[in-house]
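Colleague: File protein_0.cif follows (mmCIF, C-alpha atoms (C1' of nucleotides)):
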```
data_query
#
loop_
_atom_site.label_atom_id
_atom_site.label_comp_id
_atom_site.auth_asym_id
_atom_site.auth_seq_id
_atom_site.Cartn_x
_atom_site.Cartn_y
_atom_site.Cartn_z
CA MET A 98 -5.28 12.87 -36.52
CA LYS A 99 -1.77 12.24 -35.21
CA ASP A 100 -0.50 8.74 -35.60
CA TYR A 101 1.59 8.79 -32.46
CA PHE A 102 1.88 10.56 -29.13
CA THR A 103 4.84 11.42 -26.98
CA PRO A 104 5.15 10.27 -23.37
CA GLY A 105 4.54 13.83 -22.20
CA GLU A 106 1.32 14.06 -24.14
CA ILE A 107 0.08 10.75 -22.82
CA ALA A 108 1.06 11.58 -19.28
CA GLU A 109 -0.85 14.83 -19.44
CA ARG A 110 -3.87 13.33 -21.13
CA PHE A 111 -4.28 10.57 -18.58
CA GLU A 112 -2.90 12.44 -15.62
CA LEU A 113 -0.24 9.83 -15.08
CA THR A 114 3.44 10.43 -14.46
CA LEU A 115 6.07 9.26 -16.93
CA ASP A 116 7.20 6.87 -14.23
CA THR A 117 3.78 5.35 -13.93
CA LEU A 118 3.50 5.02 -17.67
CA ARG A 119 6.79 3.15 -17.80
CA TYR A 120 5.76 1.10 -14.81
CA TYR A 121 2.56 0.05 -16.58
CA GLU A 122 4.55 -1.01 -19.59
CA LYS A 123 7.00 -3.00 -17.49
CA ALA A 124 4.10 -4.59 -15.66
CA GLY A 125 2.62 -5.77 -18.95
CA LEU A 126 -0.41 -3.49 -18.95
CA LEU A 127 0.75 -2.13 -22.27
CA ARG A 128 2.62 -3.91 -25.00
CA ARG A 129 6.23 -2.93 -25.66
CA VAL A 130 5.60 0.56 -26.94
CA ASP A 131 7.10 1.77 -30.24
CA ARG A 132 10.20 3.93 -30.19
CA ALA A 133 11.43 6.94 -32.12
CA PRO A 134 14.98 6.60 -33.49
CA SER A 135 16.09 8.57 -30.43
CA GLY A 136 14.79 5.78 -28.23
CA HIS A 137 11.88 7.86 -26.96
CA ARG A 138 8.53 6.14 -26.74
CA ARG A 139 5.86 6.73 -29.34
CA TYR A 140 2.36 5.78 -28.29
CA ARG A 141 -0.10 4.79 -31.00
CA ALA A 142 -3.84 5.34 -31.07
CA ASP A 143 -4.47 1.80 -29.89
CA ASP A 144 -2.13 2.28 -26.94
CA VAL A 145 -4.20 5.31 -26.06
CA GLU A 146 -7.38 3.31 -26.35
CA LEU A 147 -6.12 0.54 -24.11
CA LEU A 148 -4.72 3.07 -21.68
CA HIS A 149 -8.11 4.65 -21.46
CA LEU A 150 -9.60 1.36 -20.35
CA VAL A 151 -6.67 0.69 -18.05
CA ARG A 152 -7.28 4.04 -16.43
CA CYS A 153 -10.94 3.25 -15.85
CA LEU A 154 -10.14 -0.14 -14.42
CA ARG A 155 -7.39 1.16 -12.15
CA ASP A 156 -9.62 4.00 -10.98
CA THR A 157 -12.13 1.37 -10.00
CA ASP A 158 -9.47 -0.59 -8.14
CA MET A 159 -8.79 -3.45 -10.45
CA PRO A 160 -5.41 -4.78 -9.27
CA ILE A 161 -2.43 -4.52 -11.59
CA SER A 162 -2.21 -8.30 -11.77
CA ARG A 163 -5.70 -8.67 -13.18
CA LEU A 164 -5.13 -5.79 -15.55
CA ARG A 165 -2.07 -7.56 -16.84
CA GLU A 166 -4.12 -10.68 -17.49
CA PHE A 167 -6.66 -8.60 -19.33
CA ALA A 168 -3.95 -6.94 -21.40
CA GLU A 169 -2.61 -10.36 -22.30
CA LEU A 170 -6.03 -11.36 -23.56
CA VAL A 171 -6.06 -8.26 -25.72
CA ARG A 172 -2.68 -9.20 -27.17
CA GLU A 173 -3.80 -12.75 -27.86
CA GLY A 174 -6.34 -11.57 -30.39
CA ASP A 175 -10.03 -11.34 -31.09
CA HIS A 176 -10.80 -14.88 -30.06
CA THR A 177 -10.37 -13.81 -26.44
CA ILE A 178 -13.18 -11.28 -26.63
CA PRO A 179 -15.68 -13.50 -24.83
CA GLU A 180 -13.20 -13.94 -22.00
CA ARG A 181 -12.55 -10.20 -21.87
CA VAL A 182 -16.27 -9.59 -21.58
CA GLU A 183 -16.40 -11.98 -18.66
CA VAL A 184 -13.54 -10.21 -16.92
CA LEU A 185 -15.17 -6.83 -17.40
CA GLN A 186 -18.59 -8.03 -16.34
CA SER A 187 -17.31 -9.63 -13.22
CA HIS A 188 -15.48 -6.40 -12.47
CA GLN A 189 -18.74 -4.50 -12.92
CA HIS A 190 -20.42 -6.76 -10.41
CA ARG A 191 -17.71 -6.26 -7.86
CA LEU A 192 -17.94 -2.56 -8.51
CA ASN A 193 -21.68 -2.55 -7.98
CA ALA A 194 -21.23 -4.32 -4.69
CA HIS A 195 -18.50 -1.91 -3.70
CA ILE A 196 -20.57 1.17 -4.52
CA GLU A 197 -23.47 -0.32 -2.63
CA GLN A 198 -21.29 -0.84 0.40
CA LEU A 199 -19.98 2.70 0.20
CA ARG A 200 -23.57 3.95 0.16
CA GLU A 201 -24.41 1.93 3.24
CA ARG A 202 -21.41 3.25 5.10
CA GLN A 203 -22.24 6.74 3.98
CA GLU A 204 -25.70 6.34 5.38
CA ALA A 205 -24.29 5.21 8.72
CA ILE A 206 -21.98 8.20 8.79
CA ARG A 207 -24.90 10.45 8.00
CA HIS A 208 -26.70 9.04 11.03
CA LYS A 209 -23.74 9.92 13.16
CA ILE A 210 -23.70 13.45 11.80
CA ASP A 211 -27.42 13.74 12.54
CA TYR A 212 -26.84 12.48 16.02
CA TYR A 213 -24.17 15.13 16.58
CA LEU A 214 -26.42 17.82 15.15
CA GLY A 215 -29.12 16.68 17.55
CA VAL A 216 -26.73 17.02 20.47
CA LEU A 217 -25.79 20.49 19.29
CA SER A 218 -29.37 21.60 19.05
CA GLU A 219 -30.11 20.32 22.55
CA ARG A 220 -26.97 21.86 23.95
CA PRO A 221 -26.41 25.09 22.07
CA GLU A 222 -23.52 26.01 24.35
CA LEU A 223 -21.48 23.38 22.46
CA ALA A 224 -22.03 25.00 19.09
CA ARG A 225 -19.15 26.76 17.43
CA ARG A 226 -19.26 30.38 18.53
CA PRO A 227 -18.23 33.42 16.53
CA GLU A 228 -14.50 33.99 16.89
CA GLY A 229 -13.49 35.62 20.18
CA SER A 230 -16.90 35.61 21.86
CA MET A 231 -16.97 34.46 25.47
CA ASP A 232 -19.53 32.35 27.25
CA THR A 233 -20.09 30.75 30.62
CA PRO A 234 -18.02 27.57 30.78
CA VAL A 235 -20.03 24.34 30.91
CA LYS A 236 -18.89 20.98 32.11
CA GLU A 237 -18.48 18.05 29.71
CA THR A 238 -20.79 15.06 29.56
CA GLY A 239 -18.31 12.59 28.13
CA MET B 698 -26.38 -5.97 28.23
CA LYS B 699 -22.73 -6.92 28.74
CA ASP B 700 -20.52 -4.21 30.10
CA TYR B 701 -17.41 -5.39 28.30
CA PHE B 702 -16.34 -7.47 25.33
CA THR B 703 -13.32 -9.64 24.75
CA PRO B 704 -10.93 -9.07 21.86
CA GLY B 705 -12.24 -12.19 20.17
CA GLU B 706 -15.81 -10.95 20.33
CA ILE B 707 -14.87 -7.58 18.93
CA ALA B 708 -12.75 -9.08 16.20
CA GLU B 709 -15.60 -11.28 15.11
CA ARG B 710 -18.20 -8.56 15.32
CA PHE B 711 -16.26 -6.13 13.18
CA GLU B 712 -14.50 -8.67 11.03
CA LEU B 713 -11.11 -7.40 12.08
CA THR B 714 -8.15 -9.45 13.21
CA LEU B 715 -6.78 -9.15 16.73
CA ASP B 716 -3.68 -7.68 15.15
CA THR B 717 -5.66 -4.98 13.43
CA LEU B 718 -7.51 -4.19 16.62
CA ARG B 719 -4.25 -3.76 18.47
CA TYR B 720 -2.84 -1.78 15.58
CA TYR B 721 -5.79 0.62 15.73
CA GLU B 722 -5.23 1.10 19.42
CA LYS B 723 -1.53 1.76 18.95
CA ALA B 724 -2.33 4.16 16.14
CA GLY B 725 -4.57 6.15 18.44
CA LEU B 726 -7.88 5.25 16.79
CA LEU B 727 -9.05 3.89 20.11
CA ARG B 728 -8.15 5.05 23.57
CA ARG B 729 -6.00 2.80 25.74
CA VAL B 730 -8.46 0.00 26.20
CA ASP B 731 -9.30 -1.37 29.68
CA ARG B 732 -7.67 -4.57 30.86
CA ALA B 733 -8.77 -7.60 32.81
CA PRO B 734 -6.49 -8.55 35.73
CA SER B 735 -4.93 -11.05 33.35
CA GLY B 736 -3.84 -8.24 31.07
CA HIS B 737 -6.35 -9.14 28.39
CA ARG B 738 -8.25 -6.28 26.80
CA ARG B 739 -11.81 -5.51 27.79
CA TYR B 740 -13.71 -3.37 25.33
CA ARG B 741 -16.53 -1.23 26.65
CA ALA B 742 -19.73 -0.26 24.89
CA ASP B 743 -18.30 3.10 23.95
CA ASP B 744 -15.25 1.44 22.39
CA VAL B 745 -17.65 -0.60 20.33
CA GLU B 746 -19.51 2.51 19.30
CA LEU B 747 -16.37 4.31 18.22
CA LEU B 748 -15.12 1.21 16.49
CA HIS B 749 -18.32 1.07 14.53
CA LEU B 750 -17.70 4.54 13.19
CA VAL B 751 -14.03 3.77 12.63
CA ARG B 752 -15.06 0.80 10.57
CA CYS B 753 -17.38 2.89 8.42
CA LEU B 754 -14.74 5.52 7.90
CA ARG B 755 -12.01 3.02 7.06
CA ASP B 756 -14.34 1.18 4.70
CA THR B 757 -14.84 4.46 2.92
CA ASP B 758 -11.09 5.02 2.75
CA MET B 759 -10.51 7.62 5.39
CA PRO B 760 -6.79 7.38 6.08
CA ILE B 761 -5.61 6.23 9.49
CA SER B 762 -4.03 9.62 10.14
CA ARG B 763 -7.33 11.47 9.78
CA LEU B 764 -9.10 8.85 11.84
CA ARG B 765 -6.60 9.41 14.58
CA GLU B 766 -7.30 13.12 14.50
CA PHE B 767 -10.99 12.40 14.73
CA ALA B 768 -10.47 10.02 17.64
CA GLU B 769 -8.49 12.73 19.40
CA LEU B 770 -11.39 15.11 19.02
CA VAL B 771 -13.65 12.51 20.59
CA ARG B 772 -11.28 12.20 23.53
CA GLU B 773 -11.10 15.96 23.98
CA GLY B 774 -14.75 16.13 24.89
CA ASP B 775 -18.10 17.40 23.75
CA HIS B 776 -16.86 20.84 22.82
CA THR B 777 -15.23 19.33 19.75
CA ILE B 778 -18.54 18.14 18.34
CA PRO B 779 -18.79 20.96 15.81
CA GLU B 780 -15.34 20.11 14.54
CA ARG B 781 -16.22 16.43 14.34
CA VAL B 782 -19.27 17.29 12.30
CA GLU B 783 -17.07 19.23 9.91
CA VAL B 784 -14.68 16.31 9.55
CA LEU B 785 -17.53 13.91 8.85
CA GLN B 786 -19.27 16.24 6.45
CA SER B 787 -16.15 16.88 4.47
CA HIS B 788 -15.62 13.14 4.33
CA GLN B 789 -19.15 12.72 2.99
CA HIS B 790 -18.41 15.21 0.24
CA ARG B 791 -15.26 13.41 -0.78
CA LEU B 792 -17.20 10.19 -0.69
CA ASN B 793 -19.92 11.58 -2.92
CA ALA B 794 -17.32 12.70 -5.42
CA HIS B 795 -15.64 9.32 -5.25
CA ILE B 796 -18.86 7.41 -5.82
CA GLU B 797 -19.70 9.72 -8.68
CA GLN B 798 -16.34 9.01 -10.27
CA LEU B 799 -16.79 5.28 -9.83
CA ARG B 800 -20.14 5.56 -11.60
CA GLU B 801 -18.56 7.41 -14.50
CA ARG B 802 -15.83 4.83 -14.85
CA GLN B 803 -18.37 2.07 -14.60
CA GLU B 804 -20.32 3.67 -17.42
CA ALA B 805 -17.19 3.80 -19.58
CA ILE B 806 -16.49 0.15 -18.86
CA ARG B 807 -20.05 -0.69 -19.76
CA HIS B 808 -19.52 0.99 -23.12
CA LYS B 809 -16.51 -1.18 -23.69
CA ILE B 810 -18.49 -4.30 -22.85
CA ASP B 811 -21.21 -3.19 -25.25
CA TYR B 812 -18.63 -2.62 -27.92
CA TYR B 813 -17.28 -6.13 -27.41
CA LEU B 814 -20.79 -7.57 -27.49
CA GLY B 815 -21.36 -5.71 -30.75
CA VAL B 816 -18.23 -7.26 -32.22
CA LEU B 817 -19.40 -10.69 -31.09
CA SER B 818 -22.80 -10.27 -32.67
CA GLU B 819 -21.23 -9.17 -35.95
CA ARG B 820 -18.70 -11.95 -35.87
CA PRO B 821 -20.40 -14.93 -34.27
CA GLU B 822 -17.41 -17.13 -35.03
CA LEU B 823 -15.66 -15.34 -32.15
CA ALA B 824 -18.30 -16.23 -29.62
CA ARG B 825 -17.49 -18.77 -26.97
CA ARG B 826 -18.47 -22.15 -28.32
CA PRO B 827 -19.80 -25.11 -26.38
CA GLU B 828 -16.88 -27.09 -24.99
CA GLY B 829 -15.18 -29.30 -27.59
CA SER B 830 -17.06 -28.11 -30.67
CA MET B 831 -14.95 -27.39 -33.74
CA ASP B 832 -15.34 -24.67 -36.29
CA THR B 833 -13.58 -23.32 -39.36
CA PRO B 834 -10.62 -21.22 -38.21
CA VAL B 835 -10.91 -17.49 -38.94
CA LYS B 836 -8.15 -14.94 -39.14
CA GLU B 837 -7.85 -12.20 -36.55
CA THR B 838 -8.64 -8.54 -37.13
CA GLY B 839 -6.41 -7.09 -34.42
"C1'" DA C 195 0.44 -31.54 36.89
"C1'" DC C 196 -0.47 -30.76 32.27
"C1'" DT C 197 -2.61 -29.12 28.24
"C1'" DT C 198 -5.22 -26.02 25.63
"C1'" DG C 199 -6.70 -21.79 24.05
"C1'" DA C 200 -7.15 -17.00 24.33
"C1'" DC C 201 -4.57 -13.36 24.62
"C1'" DC C 202 -0.19 -10.49 25.58
"C1'" DT C 203 4.33 -7.76 23.80
"C1'" DG C 204 7.69 -5.49 20.68
"C1'" DG C 205 9.28 -5.47 16.52
"C1'" DA C 206 10.10 -7.21 11.87
"C1'" DG C 207 8.11 -8.06 7.40
"C1'" DC C 208 5.02 -7.73 3.51
"C1'" DG C 209 2.26 -6.51 -0.76
"C1'" DC C 210 0.84 -2.98 -3.45
"C1'" DG C 211 1.43 0.71 -6.48
"C1'" DC C 212 3.85 3.71 -7.45
"C1'" DT C 213 7.93 7.31 -7.02
"C1'" DC C 214 12.48 8.79 -7.09
"C1'" DC C 215 17.17 8.86 -8.47
"C1'" DA C 216 21.75 8.98 -10.86
"C1'" DG C 217 23.71 9.09 -14.83
"C1'" DG C 218 23.08 9.11 -19.70
"C1'" DT C 219 21.34 10.25 -24.77
"C1'" DC C 220 19.29 12.98 -28.21
"C1'" DC C 221 17.73 17.11 -30.40
"C1'" DC C 222 16.87 21.84 -30.95
"C1'" DA C 223 17.64 26.85 -30.26
"C1'" DT C 224 20.91 30.47 -29.38
"C1'" DA D 616 29.62 24.89 -28.84
"C1'" DT D 617 26.63 25.29 -25.33
"C1'" DG D 618 22.55 24.86 -22.80
"C1'" DG D 619 18.13 23.21 -21.87
"C1'" DG D 620 14.44 20.09 -22.12
"C1'" DA D 621 12.40 15.77 -22.97
"C1'" DC D 622 13.23 11.44 -22.45
"C1'" DC D 623 16.01 6.99 -21.48
"C1'" DT D 624 17.67 2.92 -18.03
"C1'" DG D 625 17.95 -0.13 -13.94
"C1'" DG D 626 17.25 -0.30 -9.56
"C1'" DA D 627 16.37 1.46 -4.94
"C1'" DG D 628 13.02 3.49 -1.89
"C1'" DC D 629 8.62 4.77 0.03
"C1'" DG D 630 3.96 5.14 2.37
"C1'" DC D 631 0.19 2.75 3.71
"C1'" DG D 632 -2.18 -0.57 6.25
"C1'" DC D 633 -1.88 -4.16 7.95
"C1'" DT D 634 0.16 -9.07 9.11
"C1'" DC D 635 3.14 -12.19 11.15
"C1'" DC D 636 6.18 -13.95 14.55
"C1'" DA D 637 8.64 -15.60 18.79
"C1'" DG D 638 8.26 -16.04 23.18
"C1'" DG D 639 5.44 -15.34 27.08
"C1'" DT D 640 1.24 -15.15 30.68
"C1'" DC D 641 -3.00 -16.60 32.46
"C1'" DA D 642 -7.32 -19.34 33.46
"C1'" DA D 643 -9.99 -23.19 32.91
"C1'" DG D 644 -10.61 -28.16 32.04
"C1'" DT D 645 -9.15 -33.18 32.78
#
```
Go ahead and render the structure in this file as structure tokens.
Modeller:
Amino acid sequence: MKDYFTPGEIAERFELTLDTLRYYEKAGLLRRVDRAPSGHRRYRADDVELLHLVRCLRDTDMPISRLREFAELVREGDHTIPERVEVLQSHQHRLNAHIEQLRERQEAIRHKIDYYLGVLSERPELARRPEGSMDTPVKETG
Amino acid sequence: MKDYFTPGEIAERFELTLDTLRYYEKAGLLRRVDRAPSGHRRYRADDVELLHLVRCLRDTDMPISRLREFAELVREGDHTIPERVEVLQSHQHRLNAHIEQLRERQEAIRHKIDYYLGVLSERPELARRPEGSMDTPVKETG
DNA sequence: ACTTGACCTGGAGCGCGCTCCAGGTCCCAT
DNA sequence: ATGGGACCTGGAGCGCGCTCCAGGTCAAGT
């Protein structure tokens, strides 16, 4: 097991750009990352671990500001674990509500699709025809 | 049944600001809305109907640009119904994938919470204590 | 006649989360 | 020694989706 990772490796692994990685560090989502003598960053296993969580939380729309707060808790030590749990749990609840809302909207959109399909089956002249075929023109119903 | 609605009514009904409503119109998500002699907008039932769909699609992150394209199809008439169905269906597919990804991330976050809860049960001294209670200090494990 | 409130316009501004850039360093292979 | 590639820095810029603002009109109420 490697004990460090280069920026390129991390970027590829998490599908983030180098710019984003640096941005996250500047924004306090990661601690000040170690450096090689050349000045290049060297990410440790625990950076990777945190980044994994950061990725999950960003993908589920946790704002950068809250992620920074969370990262600060991590840096403050184990005694903040109860608080971290609270942050994550409250995020889960928001996420549940969000997914639920997406489902509801999806359902409404499905109804609209069904409505359109109903129109098409009642008025077959509106259906997409094979390329180049001609048909008697029909007036619109608005 | 009213045959028109004021901007205030629409804003309240869809939980949008007047600014957003006007922005949507400018952006081509709605047709040029009717006006009262005073110049104030008067939304018709079919504006409301389209706005309902617009709301669903925005809430599920369809970008304004694609919504405008959709709205143009609506304005072009019934012969674009097949194309509209395609737009909506492809949106549903993206949405399914998105929800699926949210679920996966949520699962990963849940694992992290469980991990933290495990740590807390192994090291009860880390657990949140009732306000003001004192305990022997314990060193951190990083 | 005056006030209030709802709404109008065009255009500027904002918050977020990146993304890009110029100019530089370091290291390795040819 | 030269070139190329990976990375560095600080700071500017961007795309999106609103959001705000100044200054105005109009209709109804007192």
Colleague: Using C1' of DT197 (chain C) and CA of Ile707 (chain B) as the two end points, give the distance in Å to one decimal.
Modeller: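 Calculated distance between C1' of DT197 (chain C) and CA of Ile707 (chain B) is 26.5 Å.
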Colleague: Please return the superposed copy of chain A as a short mmCIF file (atom, residue, chain, number, x, y, z; two decimals) with C-alpha atoms, in the coordinates of the input; the fit should be least squares onto chain B across all sequentially paired Cα atoms.
Modeller:
```
data_model
loop_
_atom_site.label_atom_id
_atom_site.label_comp_id
_atom_site.auth_asym_id
_atom_site.auth_seq_id
_atom_site.Cartn_x
_atom_site.Cartn_y
_atom_site.Cartn_z
CA MET A 98 -26.37 -6.02 28.24
CA LYS A 99 -22.73 -6.95 28.80
CA ASP A 100 -20.54 -4.21 30.10
CA TYR A 101 -17.43 -5.39 28.32
CA PHE A 102 -16.33 -7.46 25.35
CA THR A 103 -13.31 -9.63 24.77
CA PRO A 104 -10.92 -9.06 21.86
CA GLY A 105 -12.25 -12.20 20.19
CA GLU A 106 -15.80 -10.95 20.35
CA ILE A 107 -14.87 -7.57 18.96
CA ALA A 108 -12.76 -9.08 16.22
CA GLU A 109 -15.62 -11.28 15.13
CA ARG A 110 -18.21 -8.56 15.36
CA PHE A 111 -16.26 -6.13 13.21
CA GLU A 112 -14.51 -8.68 11.07
CA LEU A 113 -11.13 -7.39 12.11
CA THR A 114 -8.16 -9.45 13.23
CA LEU A 115 -6.78 -9.16 16.75
CA ASP A 116 -3.68 -7.69 15.16
CA THR A 117 -5.66 -4.99 13.45
CA LEU A 118 -7.50 -4.20 16.63
CA ARG A 119 -4.23 -3.76 18.48
CA TYR A 120 -2.84 -1.79 15.59
CA TYR A 121 -5.79 0.61 15.75
CA GLU A 122 -5.21 1.10 19.43
CA LYS A 123 -1.51 1.75 18.94
CA ALA A 124 -2.32 4.15 16.14
CA GLY A 125 -4.58 6.15 18.45
CA LEU A 126 -7.87 5.25 16.80
CA LEU A 127 -9.04 3.89 20.11
CA ARG A 128 -8.14 5.06 23.57
CA ARG A 129 -5.98 2.82 25.74
CA VAL A 130 -8.44 0.00 26.21
CA ASP A 131 -9.28 -1.35 29.68
CA ARG A 132 -7.64 -4.55 30.87
CA ALA A 133 -8.75 -7.58 32.83
CA PRO A 134 -6.45 -8.52 35.73
CA SER A 135 -4.91 -11.07 33.36
CA GLY A 136 -3.81 -8.24 31.11
CA HIS A 137 -6.34 -9.13 28.42
CA ARG A 138 -8.21 -6.27 26.83
CA ARG A 139 -11.78 -5.50 27.80
CA TYR A 140 -13.68 -3.36 25.34
CA ARG A 141 -16.52 -1.22 26.66
CA ALA A 142 -19.72 -0.25 24.91
CA ASP A 143 -18.29 3.11 23.95
CA ASP A 144 -15.24 1.46 22.41
CA VAL A 145 -17.65 -0.59 20.35
CA GLU A 146 -19.52 2.51 19.32
CA LEU A 147 -16.39 4.32 18.23
CA LEU A 148 -15.13 1.21 16.50
CA HIS A 149 -18.33 1.07 14.55
CA LEU A 150 -17.70 4.55 13.22
CA VAL A 151 -14.04 3.78 12.64
CA ARG A 152 -15.07 0.79 10.59
CA CYS A 153 -17.39 2.89 8.45
CA LEU A 154 -14.76 5.53 7.92
CA ARG A 155 -12.03 3.04 7.08
CA ASP A 156 -14.35 1.19 4.72
CA THR A 157 -14.85 4.48 2.95
CA ASP A 158 -11.11 5.04 2.77
CA MET A 159 -10.53 7.63 5.41
CA PRO A 160 -6.78 7.40 6.09
CA ILE A 161 -5.61 6.23 9.50
CA SER A 162 -4.04 9.62 10.15
CA ARG A 163 -7.32 11.47 9.79
CA LEU A 164 -9.11 8.85 11.84
CA ARG A 165 -6.60 9.40 14.59
CA GLU A 166 -7.31 13.13 14.52
CA PHE A 167 -11.00 12.41 14.73
CA ALA A 168 -10.47 10.04 17.64
CA GLU A 169 -8.49 12.73 19.41
CA LEU A 170 -11.40 15.11 19.02
CA VAL A 171 -13.65 12.51 20.58
CA ARG A 172 -11.29 12.20 23.53
CA GLU A 173 -11.11 15.95 23.98
CA GLY A 174 -14.77 16.12 24.89
CA ASP A 175 -18.11 17.43 23.75
CA HIS A 176 -16.85 20.86 22.85
CA THR A 177 -15.23 19.35 19.76
CA ILE A 178 -18.53 18.15 18.35
CA PRO A 179 -18.80 20.98 15.83
CA GLU A 180 -15.34 20.12 14.55
CA ARG A 181 -16.23 16.43 14.36
CA VAL A 182 -19.27 17.30 12.30
CA GLU A 183 -17.07 19.24 9.92
CA VAL A 184 -14.68 16.33 9.55
CA LEU A 185 -17.52 13.92 8.86
CA GLN A 186 -19.26 16.25 6.45
CA SER A 187 -16.16 16.90 4.48
CA HIS A 188 -15.62 13.15 4.35
CA GLN A 189 -19.16 12.73 3.02
CA HIS A 190 -18.43 15.20 0.26
CA ARG A 191 -15.28 13.42 -0.76
CA LEU A 192 -17.22 10.20 -0.68
CA ASN A 193 -19.93 11.60 -2.89
CA ALA A 194 -17.34 12.71 -5.39
CA HIS A 195 -15.66 9.33 -5.22
CA ILE A 196 -18.89 7.41 -5.79
CA GLU A 197 -19.71 9.71 -8.66
CA GLN A 198 -16.36 9.03 -10.24
CA LEU A 199 -16.80 5.30 -9.81
CA ARG A 200 -20.15 5.56 -11.59
CA GLU A 201 -18.58 7.43 -14.48
CA ARG A 202 -15.85 4.86 -14.84
CA GLN A 203 -18.40 2.10 -14.61
CA GLU A 204 -20.33 3.68 -17.42
CA ALA A 205 -17.20 3.82 -19.57
CA ILE A 206 -16.51 0.18 -18.85
CA ARG A 207 -20.07 -0.66 -19.76
CA HIS A 208 -19.52 1.03 -23.12
CA LYS A 209 -16.53 -1.15 -23.69
CA ILE A 210 -18.51 -4.26 -22.84
CA ASP A 211 -21.23 -3.14 -25.26
CA TYR A 212 -18.64 -2.57 -27.92
CA TYR A 213 -17.30 -6.10 -27.43
CA LEU A 214 -20.81 -7.53 -27.51
CA GLY A 215 -21.37 -5.68 -30.76
CA VAL A 216 -18.24 -7.22 -32.24
CA LEU A 217 -19.41 -10.64 -31.12
CA SER A 218 -22.79 -10.23 -32.70
CA GLU A 219 -21.23 -9.13 -35.99
CA ARG A 220 -18.69 -11.91 -35.90
CA PRO A 221 -20.40 -14.89 -34.32
CA GLU A 222 -17.40 -17.09 -35.06
CA LEU A 223 -15.64 -15.29 -32.18
CA ALA A 224 -18.29 -16.22 -29.64
CA ARG A 225 -17.48 -18.78 -27.02
CA ARG A 226 -18.47 -22.16 -28.41
CA PRO A 227 -19.78 -25.14 -26.48
CA GLU A 228 -16.88 -27.16 -25.11
CA GLY A 229 -15.17 -29.38 -27.69
CA SER A 230 -17.08 -28.21 -30.76
CA MET A 231 -14.99 -27.50 -33.84
CA ASP A 232 -15.36 -24.75 -36.39
CA THR A 233 -13.60 -23.41 -39.44
CA PRO A 234 -10.64 -21.33 -38.28
CA VAL A 235 -10.90 -17.60 -39.01
CA LYS A 236 -8.12 -15.10 -39.18
CA GLU A 237 -7.78 -12.33 -36.58
CA THR A 238 -8.51 -8.68 -37.22
CA GLY A 239 -6.25 -7.25 -34.55
#
```
Colleague: Can you check which parts of chain D lie within 8 Å of chain B? Per residue, the shortest pair of atoms and distance in Å to one decimal, counting all atoms listed in the file, sorted by chain and number, as a tab-separated table.
Modeller:
```
residue	atom	partner	partner_atom	distance
D:DC633	C1'	B:Thr717	CA	6.7
D:DT634	C1'	B:Asp716	CA	7.3
D:DT640	C1'	B:Ser735	CA	7.9
D:DC641	C1'	B:Ser735	CA	5.9
```
Colleague: Next, write the just-selected residues to a file, as a CSV table (one decimal), in the coordinates of the input, keeping C-alpha atoms (C1' of nucleotides) as the atom set.
Modeller:
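As written to disk, part17.csv reads:
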```
chain,number,residue,atom,x,y,z
D,633,DC,C1',-1.9,-4.2,8.0
D,634,DT,C1',0.2,-9.1,9.1
D,640,DT,C1',1.2,-15.2,30.7
D,641,DC,C1',-3.0,-16.6,32.5
```
Colleague: B:Leu770, B:Glu819, B:Arg781, B:Cys753: which is nearest chain A, counting only C-alpha atoms?
Modeller: B:Cys753
Colleague: Identify all residues satisfying the PyMOL selection byres ((chain C) within 10 of (chain B)) in the given file; provide them as a compact mmCIF listing (two decimals) with C-alpha atoms (C1' of nucleotides), keeping the file's coordinate frame.
Modeller:
```txt
# COMPACT_ATOMS: atom_id res chain seq x y z
C1' DA C 200 -7.15 -17.00 24.33
C1' DC C 201 -4.57 -13.36 24.62
C1' DC C 202 -0.19 -10.49 25.58
```
Colleague: Given a cut-off of 8 Å, which residues of chain B touch chain A, counting only C-alpha atoms, written out as a PyMOL selection string?
Modeller: chain B and resi 750+753-754+756-757+774-779+782+785-786+789+792+796+799+802-803+805-807+810+813-814+817+823-825+837-839
Colleague: Can you list, as an MDAnalysis selection string, the residues that the PyMOL selection byres ((chain B and resi 722-725) around 10) selects here?
Modeller: chainID B and resid 716:721 726:730 761:762 764:769
Colleague: Separation of CA of Arg732 (chain B) and CA of Arg710 (chain B), in Å?
Modeller: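 CA of Arg710 (chain B) lies at a distance of 19.2 Å from CA of Arg732 (chain B).
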Colleague: Run the PyMOL selection byres ((chain C and resi 205-207) around 12) on the file and write out the hits as a list in words.
Modeller: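 That expression, the PyMOL selection byres ((chain C and resi 205-207) around 12), corresponds here to DT203, DG204, DC208 and DG209 of chain C; DC633, DT634, DC635, DC636 and DA637 of chain D.
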Colleague: Emit the selected residues as a PDB file, in the coordinates of the input, including C-alpha atoms (C1' of nucleotides).
Modeller:
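See result-v2.pdb below for the written result:
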```pdb
ATOM      1  C1'  DT C 203       4.330  -7.760  23.800  1.00  0.00           C
ATOM      2  C1'  DG C 204       7.690  -5.490  20.680  1.00  0.00           C
ATOM      3  C1'  DC C 208       5.020  -7.730   3.510  1.00  0.00           C
ATOM      4  C1'  DG C 209       2.260  -6.510  -0.760  1.00  0.00           C
TER       5       DG C 209
ATOM      6  C1'  DC D 633      -1.880  -4.160   7.950  1.00  0.00           C
ATOM      7  C1'  DT D 634       0.160  -9.070   9.110  1.00  0.00           C
ATOM      8  C1'  DC D 635       3.140 -12.190  11.150  1.00  0.00           C
ATOM      9  C1'  DC D 636       6.180 -13.950  14.550  1.00  0.00           C
ATOM     10  C1'  DA D 637       8.640 -15.600  18.790  1.00  0.00           C
TER      11       DA D 637
END
```
Colleague: Enter the distance from CA of Ala142 (chain A) to CA of Glu109 (chain A), in Å, rounded to one decimal.
Modeller: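 Interatomic distance, CA of Ala142 (chain A) to CA of Glu109 (chain A): 15.3 Å.
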